[in-house]
Amino acid sequence: MQFLIDNFPLLWDAFLTTLSLSLLAGVLALVLGTALAAFRVSPIPPLRGLSTFYVETFRNTPLTVVFFFIIFGLPQIDFSVGFFTGSVLAVGLYTAAFVCEAVRSGINAVSAGQAEASRAIGLTFGQSLREVVLPQAFRSVVPPLGNVWIAMVKNTSIAAGFAVSELTASMQRLSNANAGELVLVLVAVVVGYMLITLPSAYAISRVERRVAILR
Amino acid sequence: MSGVDKWFGELHVLQDIDLSIDRGEVVVVIGPSGSGKSTLCRTINRLESIENGEITIDGQQLPAEGKELAKLRADVGMVFQSFNLFAHKTVLENVTLGPIKVRKQSKADAEKRARELLDRVGVGAQADKVPAQLSGGQQQRVAIARALAMDPKVMLFDEPTSALDPEMINEVLEVMVGLARDGMTMVVVTHEMGFARKAANRVVFMDGGRIVESSTPEEFFTNPSSDRAKDFLSKILNH
Ligand SMILES: Nc1ncnc2c1ncn2[C@@H]1O[C@H](COP(=O)(O)OP(=O)(O)O)[C@@H](O)[C@H]1O
Ligand SMILES: [Mg+2]
């Protein structure tokens with residue numbers, strides 16, 4: 001116990017780093033992923049193509065490679081980002097592809113009649129998406145987006161390999177220095193991740209119930 | 001519309017359609033399933049594009065894309081067989097969405113007008129419910145109010161009563177007859193002969209993507225000139 005108390009500041013910092021990495025990447029992924037999904041169903045073929053290209057590229061590239069590309073590749077073309085920012089970008093851009101797929105399946109689940117009716121009263125494509133289709137799509141998309149979020153929180157651990165002192169990095173550091181306390185360190189780190197994912201899972205199921213619509 | 005052709009792939013759904021509708025006229029479109037009635041309706045507000053011919057409303061050619069097209073659609077009301085009310089919005093919001101977002105009315109003005117229209121179609125008491133809480137007949141009347149809120153120049157009805165239980169058909173038809181009496185220009189796809197007799201100026205009979213016959217309701221129902229119309233009428237009359 002004394003061991004944990006002694007190292008609490010380090011673990012707490014690491015926890016906050018994982019949390020902020022997750023939140024920032026999550027916002028980036030949600031905004032970009034939704035925009036990509038809108039592109040994907042838009043009437044403009046180049047936008048659809050762009051979105052498809054993006055999703056297929058990021059979905060089929062290992063996240064570690066995305067990290068390498070952003071943190072070590074971009075400086076080659078004179079575009080340097082710090083380790084933390086680079087990690088936010090890597091996780092966010094990568095996860096956007098999965099958000100796009102989840103939102104797109106939600107859009108497809110909204111009956112075509114809804115979009116037709118909104119066009120029939122004179123809404124533009126963008127208005128129809130914003131006012132009618134997306135609000136309904138998000139409702140059916142809450143559970144799959146929740147899964148994407150939880151997977152993303154765990155994926156932030158890859159940042160440990162890129163000099164970001166988040167939870168997994170703290171685990172490596174503490175267990176190297178204190179081999180005898182390995183189990184304790186592991187438990188502490190797992191608890192750290194669960195402090196983020198478990199309340200999320202609870203919040204997601206609450207939201208899911210709140211937004212369920214009568215059909 | 002003149003010389004309109006439409007294909008779905010290999011299928012020639014609309015074949016050289018000529019149809020002109022006067023202001024205030026009520027045209028009933030009738031014909032066997034698959035004859036292209038819905039498609040005809042949907043080309044009028046360009047929910048379906050056409051390959052040949054031209055469609056003009058009030059002297060204006062239908063724009064192909066974008067904001068211009070949206071503006072035109074705002075002037076053409078459409079009522080669908082399956083209602084298509086916005087499932088996540090209340091009845092009142094369904095009716096005010098277009099006026100607020102497209103006509104840029106204030107929320108207060110739009111709501112006032114919406115309540116008047118909902119009263120007019122007899123569902124004023126349901127304004128704060130969501131569509132799923134309403135019966136089919138009530139939903140369809142809300143859909144009519146939603147279209148009316150845009151002050152359309154013409155209203156299109158695609159089999160507005162076919163998805164309804166028999167006891168609800170009349171409440172919807174009555175609203176439509178009222179509209180016709182008030183001088184609304186209407187294109188109505190329906191097999192309700194009572195409505196055609198009461199409200200229509202003209203009956204257009206379609207078969208196989210063509211307009212086969214166009215006459216007054218009286219003439220059409222008592223003495224159709226084409227064999228295909230006779231055949232069709234005998235089928236719908238005998239069940
Ligand atoms: N989106 C579509 N794609 C392909 N074929 C279609 C489509 N919509 C309708 N059709 C076909 O076009 C024909 C006419 O359909 P429709 O206009 O719905 O007829 P109606 O309303 O008179 O029953 C039918 O054969 C139908 O199968
Ligand atoms: Mg039809």
# chains A, B, ... in the order shown; residues from 1 in each chain; ligands from 1
>>> residues_near_ligand(ligand="ligand 1", cutoff="9 Å", atoms="only C-alpha atoms and all ligand atoms", output="list in words")
Trp7, Phe8, Gly9, Leu11, His12, Val13, Leu14, Ile30, Gly31, Pro32, Ser33, Gly34, Ser35, Gly36, Lys37, Ser38, Thr39, Leu40, Cys41, Arg42, Glu48, Asp158, Glu159, Val189, Met206, Asp207, Gly208 and Gly209 of chain B
>>> residues_around(residues="A:Val99", least_positions_apart="3", cutoff="6 Å", atoms="only C-alpha atoms", output="ChimeraX atom specification")
/A:33,96,102
>>> write_last_selection(atoms="N, CA, C and O atoms", output="compact mmCIF listing (two decimals), in the first residue's frame")
# COMPACT_ATOMS: atom_id res chain seq x y z
N GLY A 33 -15.33 12.06 -38.06
CA GLY A 33 -16.04 10.86 -38.50
C GLY A 33 -17.46 11.18 -38.99
O GLY A 33 -17.93 10.62 -39.97
N ALA A 96 -11.58 8.13 -36.38
CA ALA A 96 -12.60 8.77 -37.22
C ALA A 96 -13.14 7.81 -38.28
O ALA A 96 -14.32 7.83 -38.61
N ALA A 102 -19.70 3.69 -38.27
CA ALA A 102 -20.84 3.54 -37.34
C ALA A 102 -21.95 4.52 -37.69
O ALA A 102 -23.13 4.15 -37.77
>>> residues_around(residues="A:Tyr94", least_positions_apart="4", cutoff="9 Å", atoms="only C-alpha atoms", output="compact mmCIF listing (two decimals) with N, CA, C and O atoms, in the first residue's frame")
# COMPACT_ATOMS: atom_id res chain seq x y z
N ALA A 29 -12.29 12.58 -33.41
CA ALA A 29 -12.84 11.44 -34.16
C ALA A 29 -14.33 11.61 -34.41
O ALA A 29 -14.83 11.30 -35.50
N VAL A 55 -11.56 6.25 -45.22
CA VAL A 55 -11.95 5.16 -44.33
C VAL A 55 -11.15 3.90 -44.63
O VAL A 55 -10.61 3.26 -43.72
N PHE A 58 -7.40 4.32 -43.36
CA PHE A 58 -7.14 4.29 -41.92
C PHE A 58 -7.61 3.00 -41.27
O PHE A 58 -7.01 2.53 -40.32
N ARG A 59 -8.68 2.44 -41.80
CA ARG A 59 -9.19 1.21 -41.21
C ARG A 59 -8.24 0.05 -41.42
O ARG A 59 -8.22 -0.91 -40.67
N THR A 61 -4.88 0.30 -41.81
CA THR A 61 -3.50 0.56 -41.39
C THR A 61 -3.42 0.32 -39.88
O THR A 61 -4.26 0.82 -39.15
N PRO A 62 -2.40 -0.43 -39.43
CA PRO A 62 -2.27 -0.60 -37.96
C PRO A 62 -2.05 0.75 -37.30
O PRO A 62 -1.36 1.61 -37.86
N LEU A 63 -2.64 0.91 -36.14
CA LEU A 63 -2.56 2.20 -35.45
C LEU A 63 -1.11 2.62 -35.18
O LEU A 63 -0.75 3.79 -35.28
N VAL A 66 0.23 4.40 -38.03
CA VAL A 66 -0.30 5.77 -38.10
C VAL A 66 0.51 6.68 -37.16
O VAL A 66 0.89 7.79 -37.52
N LEU A 89 -3.60 13.27 -32.64
CA LEU A 89 -3.91 13.20 -34.07
C LEU A 89 -3.98 11.75 -34.53
O LEU A 89 -4.93 11.35 -35.23
N ALA A 90 -3.00 10.96 -34.14
CA ALA A 90 -2.97 9.57 -34.61
C ALA A 90 -4.22 8.82 -34.17
O ALA A 90 -4.92 8.21 -34.99
N PHE A 98 -13.60 4.66 -37.96
CA PHE A 98 -14.59 3.76 -37.35
C PHE A 98 -15.87 4.50 -36.98
O PHE A 98 -16.96 3.97 -37.08
>>> residues_around(residues="stretch 200-204 of chain A", least_positions_apart="6", cutoff="9 Å", atoms="only C-alpha atoms", output="ChimeraX atom specification")
/A:142-143,145-147,149-150
>>> interface_residues(of="chain B", to="chain A", cutoff="6 Å", atoms="only C-alpha atoms", output="PyMOL selection string")
chain B and resi 70-71+73-74+84+98+132
>>> closest_residue(among="B:Leu97, B:Leu237, B:Ile211, B:Val188", to="A:Arg130", atoms="only C-alpha atoms")
B:Leu97
>>> atom_distance(atom1="atom CA of B:Gln138", atom2="atom CA of B:Val123")
6.5 Å
>>> closest_residue(among="B:Gly178, B:Gly3, B:Pro160, B:Pro63", to="ligand 2", atoms="only C-alpha atoms and all ligand atoms")
B:Pro160
>>> closest_residue(among="B:Lys153, B:Lys235, B:Arg202, B:His191", to="ligand 2", atoms="only C-alpha atoms and all ligand atoms")
B:His191
>>> closest_residue(among="A:Gly161, A:Val103, A:Val189, A:Leu19", to="A:Leu174", atoms="only C-alpha atoms")
A:Val189
